[in-house]
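Asks: Here it is, the structure, as structure tokens.
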Amino acid sequence: MKETKVTMEKILNLCKGRGFVFPGSDIYGGFANTWDFGPVGVELKNNVKKAWWKRFVQENPNAYGLDAAILMNPRVWDASGHTASFSDPKMDCRECKTRERADNLIEDYAKKHNLNVVPDNMTNEEMQNFIDEHKINCPKCGKHNWTPIRQFNLMFETSRGVTEEGTNKVYLRPETAQGEYVNFLNVQRTTRAKLPFAIAQIGKSFRNEITPGNFLFRTVEFEQMELQNFCKDENALDLYKEFKERALKFVEDLGLDGEKLRFHDHDKLAHYAKAACDIQYYFPIGWQELNGIHHRSTWDLSRHQEYSGKSMLYTDPVTNEKVLPTIIEYSIGADRLVLALLCEAYDEETLEGGETRIVMHFHPAIAPYKVAVLPLQKNLSEKAKEVYSLLAKDFMCDYDESGSIGKRYRREDEIGTPFCVTIDFDTLENNSVTIRDRDTMEQIRLPINEVSAYVSQKIKF
Ligand code: GAP
């Protein structure tokens with residue numbers, strides 16, 4: 001592990017200062033736990049999504065993409081169980097009105113006092129008793145005056161319709177998965193896919209989280225990258241194991257340090273699930289879930305079959321056997337992964353002469369800009385703009401001609417640009433440029449017409 005101590009505060013400051021992420025509705029004082037991705041943040045996140053899509057859709061002949069609607073028929077959420085049980089146990093402090101999750105209060109208390117208590121295994125009554133017996137106080141005002149625990153549904157509600165009497169309650173989807181389940185047969189029919197095959201999608205999800213926070217870690221609006229494998233039950237456990245490894249390899253290949261990643265197998269499973277695990281990452285706030293892999297048995301399709309009245313059976317083209325497929329789900333939050341990658345990439349290096357540089361060591365494939373074009377002096381800008389126009393056809397490029405070259409290198413280091421192309425007087429003579437490597441700071445000289453191929457080969461994922 002690197003020596004720099006990475007804190008959430010340092011990451012947040014860099015993000016705000018360099019245009020990765022801004023607080024949502026900033027000029028109105030923000031809007032709690034919403035974030036806007038700025039010019040370099042949107043590139044970073046798009047590149048992460050592209051890398052995921054490439055790995056799990058483009059390079060997989062049995063995977064098909066989907067982009068389903070955010071608003072779905074409300075019956076979907078009855079079938080999925082979200083209206084009945086997608087909730088957290090909440091308590092309100094009667095003194096200062098803070099709302100807390102009872103399970104989180106117990107977890108924090110247990111961590112502090114080295115107790116082996118798992119709130120997931122407790123009923124609401126047991127949690128209530130624990131909080132009273134151990135006098136767990138409100139973390140905000142320090143008083144112990146809690147309302148009883150009540151289940152709080154996390155789905156955002158809105159209404160659809162043009163007249164007040166005629167409106168219907170609808171929900172913003174709390175996960176993208178259901179779009180993949182309800183389209184299972186549409187995709188299968190139109191692609192003629194045979195089991196096992198997968199449906200993947202990337203899209204926004206919304207959750208009215210009781211305790212959001214820690215920057216991008218837990219927000220009320222976020223993007224998920226989800227892939228549902230549909231298979232015969234006898235192949236499901238093998239596929240589950242395969243996806244644990246593939247999910248881990250993906251984040252390692254993107255640059256997360258293997259020592260900061262671990263599997264966390266779930267002890268408590270949903271009644272229908274045969275296995276479930278998270279991959280956890282060591283964030284500055286400690287070990288936390290990065291993604292999940294779930295063996296969901298035939299639960300989802302059987303529920304949609306029951307609630308929609310439509311058969312969800314797959315017919316084997318060879319044997320004519322009809323089966324309800326089992327689902328192995330792989331789900332990862334794009335924003336949470338971006339946060340992990342920001343934390344991993346961040347470094348403060350002391351240079352010869354004692355100066356410190358902040359550098360983001362992103363994998364070149366996800367770096368916001370691949371190349372920065374920097375004329376050594378302003379009177380070289382015409383040639384530099386020519387080089388910029390040439391390279392911008394192939395990659396996202398930055399162009400900067402203000403300030404000393406050293407300062408410009410530092411700015412590019414802070415946004416993680418892997419290559420700086422410098423235009424100097426020799427460029428006018430022989431059409432060659434220098435290319436500086438972000439990580440080693442070493443420079444080589446190349447003819448302009450070889451730069452694109454050089455960079456392309458370095459940014460492959
Ligand atoms: N369809 C399964 C599902 O939604 P989940 O564990 O609730 O499972 C999957 O969510 C992933 O989505 C998480 O591992 C995390 O990366 C991301 N995620 C969930 N809630 C989030 C939130 N409030 N803010 C940011 N990311 C979140």
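Within each chain, counting starts at residue 1; across the structure tokens, chains are named A, B, ... in the order shown, with ligands numbered 1 upward in that order.
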Could you list, as a list in words, all protein and nucleic acid residues with an atom at most 7 Å from ligand 1, counting only C-alpha atoms and all ligand atoms?

Replies: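 Answer in the requested format: Glu175, Thr176, Ala177, Arg207, Glu209, Pro212, Leu216, Phe217, Arg218, Thr219, Val220, Glu221, Phe222, Gln224, Glu226, Glu289, Leu290, Asn291, Gly292, Ser331, Ile332, Gly333, Ala334, Asp335, Arg336 and Leu337 of chain A.
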
Asks: Could you go through stretch 31-116 of chain A and tell me which residues DSSP, when run on the backbone, assigns to strand (DSSP E or B), listing them as an MDAnalysis selection string?

Replies: chainID A and resid 35:37 63:65 71 87:93 99:101

Asks: A:Arg436: which residues within 7 Å, counting only C-alpha atoms, same-chain residues fewer than 6 positions away excluded, as number ranges by chain?

Replies: A: 419-421, 442-444

Asks: Take the residues just selected and output them with all heavy atoms as a PDB file, in the first residue's frame.

Replies:
```
ATOM      1  N   PHE A 419      -0.395  11.433 -20.364  1.00  0.00           N
ATOM      2  CA  PHE A 419       0.656  11.897 -21.280  1.00  0.00           C
ATOM      3  C   PHE A 419       0.542  13.396 -21.552  1.00  0.00           C
ATOM      4  O   PHE A 419      -0.550  13.881 -21.863  1.00  0.00           O
ATOM      5  CB  PHE A 419       0.577  11.133 -22.616  1.00  0.00           C
ATOM      6  CG  PHE A 419       0.695   9.659 -22.425  1.00  0.00           C
ATOM      7  CD1 PHE A 419      -0.420   8.840 -22.518  1.00  0.00           C
ATOM      8  CD2 PHE A 419       1.922   9.088 -22.104  1.00  0.00           C
ATOM      9  CE1 PHE A 419      -0.320   7.478 -22.302  1.00  0.00           C
ATOM     10  CE2 PHE A 419       2.029   7.728 -21.879  1.00  0.00           C
ATOM     11  CZ  PHE A 419       0.909   6.917 -21.976  1.00  0.00           C
ATOM     12  N   CYS A 420       1.668  14.092 -21.422  1.00  0.00           N
ATOM     13  CA  CYS A 420       1.718  15.506 -21.803  1.00  0.00           C
ATOM     14  C   CYS A 420       2.595  15.623 -23.046  1.00  0.00           C
ATOM     15  O   CYS A 420       3.762  15.206 -23.034  1.00  0.00           O
ATOM     16  CB  CYS A 420       2.327  16.347 -20.676  1.00  0.00           C
ATOM     17  SG  CYS A 420       1.196  16.571 -19.305  1.00  0.00           S
ATOM     18  N   VAL A 421       2.020  16.176 -24.087  1.00  0.00           N
ATOM     19  CA  VAL A 421       2.753  16.373 -25.340  1.00  0.00           C
ATOM     20  C   VAL A 421       3.192  17.829 -25.383  1.00  0.00           C
ATOM     21  O   VAL A 421       2.357  18.734 -25.344  1.00  0.00           O
ATOM     22  CB  VAL A 421       1.842  16.029 -26.547  1.00  0.00           C
ATOM     23  CG1 VAL A 421       2.441  16.539 -27.847  1.00  0.00           C
ATOM     24  CG2 VAL A 421       1.611  14.531 -26.615  1.00  0.00           C
ATOM     25  N   GLU A 442       9.289  10.741 -17.023  1.00  0.00           N
ATOM     26  CA  GLU A 442      10.316  10.673 -18.079  1.00  0.00           C
ATOM     27  C   GLU A 442       9.748  11.150 -19.413  1.00  0.00           C
ATOM     28  O   GLU A 442       8.545  11.056 -19.631  1.00  0.00           O
ATOM     29  CB  GLU A 442      10.825   9.237 -18.212  1.00  0.00           C
ATOM     30  CG  GLU A 442      11.907   8.976 -17.194  1.00  0.00           C
ATOM     31  CD  GLU A 442      12.222   7.517 -17.021  1.00  0.00           C
ATOM     32  OE1 GLU A 442      11.806   6.712 -17.876  1.00  0.00           O
ATOM     33  OE2 GLU A 442      12.878   7.203 -16.009  1.00  0.00           O
ATOM     34  N   GLN A 443      10.648  11.646 -20.266  1.00  0.00           N
ATOM     35  CA  GLN A 443      10.190  12.160 -21.559  1.00  0.00           C
ATOM     36  C   GLN A 443      10.872  11.428 -22.698  1.00  0.00           C
ATOM     37  O   GLN A 443      12.048  11.082 -22.603  1.00  0.00           O
ATOM     38  CB  GLN A 443      10.529  13.649 -21.676  1.00  0.00           C
ATOM     39  CG  GLN A 443       9.951  14.442 -20.532  1.00  0.00           C
ATOM     40  CD  GLN A 443       9.917  15.935 -20.824  1.00  0.00           C
ATOM     41  OE1 GLN A 443      10.173  16.355 -21.944  1.00  0.00           O
ATOM     42  NE2 GLN A 443       9.587  16.714 -19.823  1.00  0.00           N
ATOM     43  N   ILE A 444      10.108  11.232 -23.766  1.00  0.00           N
ATOM     44  CA  ILE A 444      10.713  10.695 -24.996  1.00  0.00           C
ATOM     45  C   ILE A 444      10.317  11.633 -26.132  1.00  0.00           C
ATOM     46  O   ILE A 444       9.406  12.450 -25.971  1.00  0.00           O
ATOM     47  CB  ILE A 444      10.230   9.258 -25.316  1.00  0.00           C
ATOM     48  CG1 ILE A 444       8.690   9.206 -25.409  1.00  0.00           C
ATOM     49  CG2 ILE A 444      10.740   8.259 -24.296  1.00  0.00           C
ATOM     50  CD1 ILE A 444       8.189   7.935 -26.057  1.00  0.00           C
TER      51      ILE A 444
END
```

Asks: Please compute the atom CA of A:His266-atom CA of A:Ile293 distance, one decimal, in Å.

Replies: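 For atom CA of A:His266 relative to atom CA of A:Ile293, the distance reads 10.2 Å.
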
Asks: Smallest atom-to-atom distance to A:Trp299: which of A:Thr123, A:Thr326, A:Thr83, A:Thr440, using only C-alpha atoms?

Replies: A:Thr326

Asks: For stretch 192-197 of chain A, list every protein, DNA or RNA residue within 6 Å, evaluated using only C-alpha atoms, and leave out those in the same chain fewer than 3 positions away; present the list as number ranges by chain.

Replies: A: 62-63, 188-189, 229-231

Asks: Go ahead and write the selection's residues with N, CA, C and O atoms as a compact mmCIF listing (two decimals), in the first residue's frame.

Replies:
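Result went into result_23.txt, see below:
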```txt
# COMPACT_ATOMS: atom_id res chain seq x y z
N ASN A 62 -22.21 -14.01 -24.88
CA ASN A 62 -23.53 -14.39 -24.33
C ASN A 62 -24.17 -13.28 -23.53
O ASN A 62 -25.04 -13.56 -22.70
N ALA A 63 -23.73 -12.04 -23.72
CA ALA A 63 -24.32 -10.95 -22.93
C ALA A 63 -24.94 -9.92 -23.86
O ALA A 63 -24.39 -9.62 -24.93
N GLN A 188 -34.44 -12.61 -24.95
CA GLN A 188 -34.18 -13.99 -25.39
C GLN A 188 -34.78 -14.24 -26.78
O GLN A 188 -34.14 -14.80 -27.65
N ARG A 189 -36.02 -13.75 -26.96
CA ARG A 189 -36.72 -13.99 -28.24
C ARG A 189 -36.00 -13.28 -29.39
O ARG A 189 -35.77 -13.86 -30.44
N ASN A 229 -27.25 -12.96 -14.93
CA ASN A 229 -27.00 -14.19 -15.67
C ASN A 229 -28.22 -15.09 -15.52
O ASN A 229 -28.63 -15.37 -14.39
N PHE A 230 -28.78 -15.54 -16.63
CA PHE A 230 -29.91 -16.47 -16.58
C PHE A 230 -29.36 -17.85 -16.94
O PHE A 230 -28.69 -18.00 -17.97
N CYS A 231 -29.63 -18.82 -16.09
CA CYS A 231 -29.02 -20.14 -16.34
C CYS A 231 -29.91 -21.26 -15.80
O CYS A 231 -30.88 -21.00 -15.09
```

Asks: For A:Ile415, work out the shell of residues within 10 Å, counting only C-alpha atoms and skipping chain neighbours fewer than 2 positions away, then give it as a PyMOL selection string.

Replies: chain A and resi 14-15+18-20+40-41+44+346+358-362+367-369+410-413+417-418

Asks: Could you name the residues that touch A:Gln228 at 6 Å or less, counting only C-alpha atoms, but leaving out those on the same chain fewer than 2 positions away, as JSON, numbers by chain?

Replies: {"A": [198, 199, 328, 329]}

Asks: Next, dump the selected residues to file, keeping only N, CA and C atoms, as a PDB file, in the first residue's frame.

Replies:
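The result, stored in out-v9.pdb:
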```
ATOM      1  N   ALA A 198     -26.700 -13.524 -20.502  1.00  0.00           N
ATOM      2  CA  ALA A 198     -26.785 -12.441 -19.518  1.00  0.00           C
ATOM      3  C   ALA A 198     -27.390 -11.191 -20.142  1.00  0.00           C
ATOM      4  N   ILE A 199     -28.062 -10.407 -19.296  1.00  0.00           N
ATOM      5  CA  ILE A 199     -28.543  -9.086 -19.714  1.00  0.00           C
ATOM      6  C   ILE A 199     -27.866  -8.060 -18.807  1.00  0.00           C
ATOM      7  N   ILE A 328     -28.070 -15.383 -11.504  1.00  0.00           N
ATOM      8  CA  ILE A 328     -26.861 -14.982 -10.766  1.00  0.00           C
ATOM      9  C   ILE A 328     -26.643 -13.513 -11.101  1.00  0.00           C
ATOM     10  N   GLU A 329     -26.736 -12.678 -10.102  1.00  0.00           N
ATOM     11  CA  GLU A 329     -26.657 -11.223 -10.313  1.00  0.00           C
ATOM     12  C   GLU A 329     -25.293 -10.672  -9.888  1.00  0.00           C
TER      13      GLU A 329
END
```

Asks: Enumerate as an mmCIF file with C-alpha atoms, in the first residue's frame all residues of stretch 63-168 of chain A assigned to helix (DSSP H, G or I) by DSSP on the backbone, naming them with the chain letters and numbers the document uses.

Replies:
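As written to disk, selection-v6.cif reads:
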```cif
data_model
loop_
_atom_site.group_PDB
_atom_site.id
_atom_site.type_symbol
_atom_site.label_atom_id
_atom_site.label_comp_id
_atom_site.auth_asym_id
_atom_site.auth_seq_id
_atom_site.Cartn_x
_atom_site.Cartn_y
_atom_site.Cartn_z
ATOM 1 C CA ARG A 75 -46.833 -3.907 -9.875
ATOM 2 C CA VAL A 76 -43.159 -4.602 -10.656
ATOM 3 C CA TRP A 77 -42.277 -3.409 -7.160
ATOM 4 C CA ASP A 78 -44.988 -5.550 -5.576
ATOM 5 C CA ALA A 79 -43.629 -8.586 -7.415
ATOM 6 C CA SER A 80 -40.015 -7.803 -6.510
ATOM 7 C CA HIS A 82 -39.758 -3.764 -2.696
ATOM 8 C CA THR A 83 -43.115 -2.250 -1.668
ATOM 9 C CA ALA A 84 -43.430 -4.729 1.192
ATOM 10 C CA SER A 85 -39.901 -4.987 2.464
ATOM 11 C CA ALA A 102 -31.120 1.336 14.424
ATOM 12 C CA ASP A 103 -28.808 -1.284 12.871
ATOM 13 C CA ASN A 104 -26.137 1.361 12.203
ATOM 14 C CA LEU A 105 -26.318 2.623 15.804
ATOM 15 C CA ILE A 106 -25.747 -0.911 17.074
ATOM 16 C CA GLU A 107 -22.988 -1.622 14.573
ATOM 17 C CA ASP A 108 -21.067 1.535 15.545
ATOM 18 C CA TYR A 109 -21.523 0.772 19.241
ATOM 19 C CA ALA A 110 -20.357 -2.836 18.776
ATOM 20 C CA LYS A 111 -17.265 -1.701 16.850
ATOM 21 C CA LYS A 112 -16.364 0.827 19.547
ATOM 22 C CA PRO A 119 -27.832 -6.407 13.913
ATOM 23 C CA ASP A 120 -28.796 -8.131 10.634
ATOM 24 C CA ASN A 121 -29.689 -11.178 12.712
ATOM 25 C CA ASN A 124 -36.702 -4.835 15.643
ATOM 26 C CA GLU A 125 -37.641 -5.649 19.240
ATOM 27 C CA GLU A 126 -34.194 -7.079 19.955
ATOM 28 C CA MET A 127 -32.541 -4.009 18.422
ATOM 29 C CA GLN A 128 -34.769 -1.697 20.465
ATOM 30 C CA ASN A 129 -33.889 -3.568 23.686
ATOM 31 C CA PHE A 130 -30.187 -3.514 22.857
ATOM 32 C CA ILE A 131 -30.229 0.245 22.252
ATOM 33 C CA ASP A 132 -32.087 0.859 25.532
ATOM 34 C CA GLU A 133 -30.026 -1.567 27.628
#
```

Asks: Name the residues in contact with A:Leu254 at a cut-off of 10 Å, using only C-alpha atoms, excluding same-chain residues fewer than 2 positions from it; report them as a list of chain:residue names.

Replies: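 The contact residues come out as A:Val48, A:Ala51, A:Trp52, A:Lys249, A:Phe250, A:Val251, A:Glu252, A:Leu256, A:Asp257, A:Leu337, A:Leu341, A:Phe362, A:His363, A:Pro364, A:Ala365, A:Ile366, A:Phe461.
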
Asks: Got time to write the residues from that selection, C-alpha atoms, as a PDB file, in the first residue's frame?

Replies:
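Done, and the output landed in selection.pdb:
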```pdb
ATOM      1  CA  VAL A  48     -15.389   3.488 -15.978  1.00  0.00           C
ATOM      2  CA  ALA A  51     -14.615  -0.293 -19.318  1.00  0.00           C
ATOM      3  CA  TRP A  52     -17.361  -2.262 -17.533  1.00  0.00           C
ATOM      4  CA  LYS A 249     -10.449  -9.227 -11.586  1.00  0.00           C
ATOM      5  CA  PHE A 250     -12.325  -6.316 -13.171  1.00  0.00           C
ATOM      6  CA  VAL A 251     -11.662  -3.933 -10.283  1.00  0.00           C
ATOM      7  CA  GLU A 252      -8.060  -5.126  -9.925  1.00  0.00           C
ATOM      8  CA  LEU A 256      -7.583  -1.199  -7.242  1.00  0.00           C
ATOM      9  CA  ASP A 257      -4.913  -2.711  -5.006  1.00  0.00           C
ATOM     10  CA  LEU A 337     -16.420   2.513  -7.893  1.00  0.00           C
ATOM     11  CA  LEU A 341     -10.650   4.643  -7.932  1.00  0.00           C
ATOM     12  CA  PHE A 362      -5.423   6.369 -12.818  1.00  0.00           C
ATOM     13  CA  HIS A 363      -5.209   3.451 -15.208  1.00  0.00           C
ATOM     14  CA  PRO A 364      -4.774   5.340 -18.534  1.00  0.00           C
ATOM     15  CA  ALA A 365      -7.988   3.756 -19.857  1.00  0.00           C
ATOM     16  CA  ILE A 366     -10.092   5.647 -17.310  1.00  0.00           C
ATOM     17  CA  PHE A 461      -7.999  -1.939 -21.260  1.00  0.00           C
TER      18      PHE A 461
END
```

Asks: Grab the atom CA of A:Gly161 to atom CA of A:Asn33 distance for me, in Å with one decimal place.

Replies: 28.8 Å
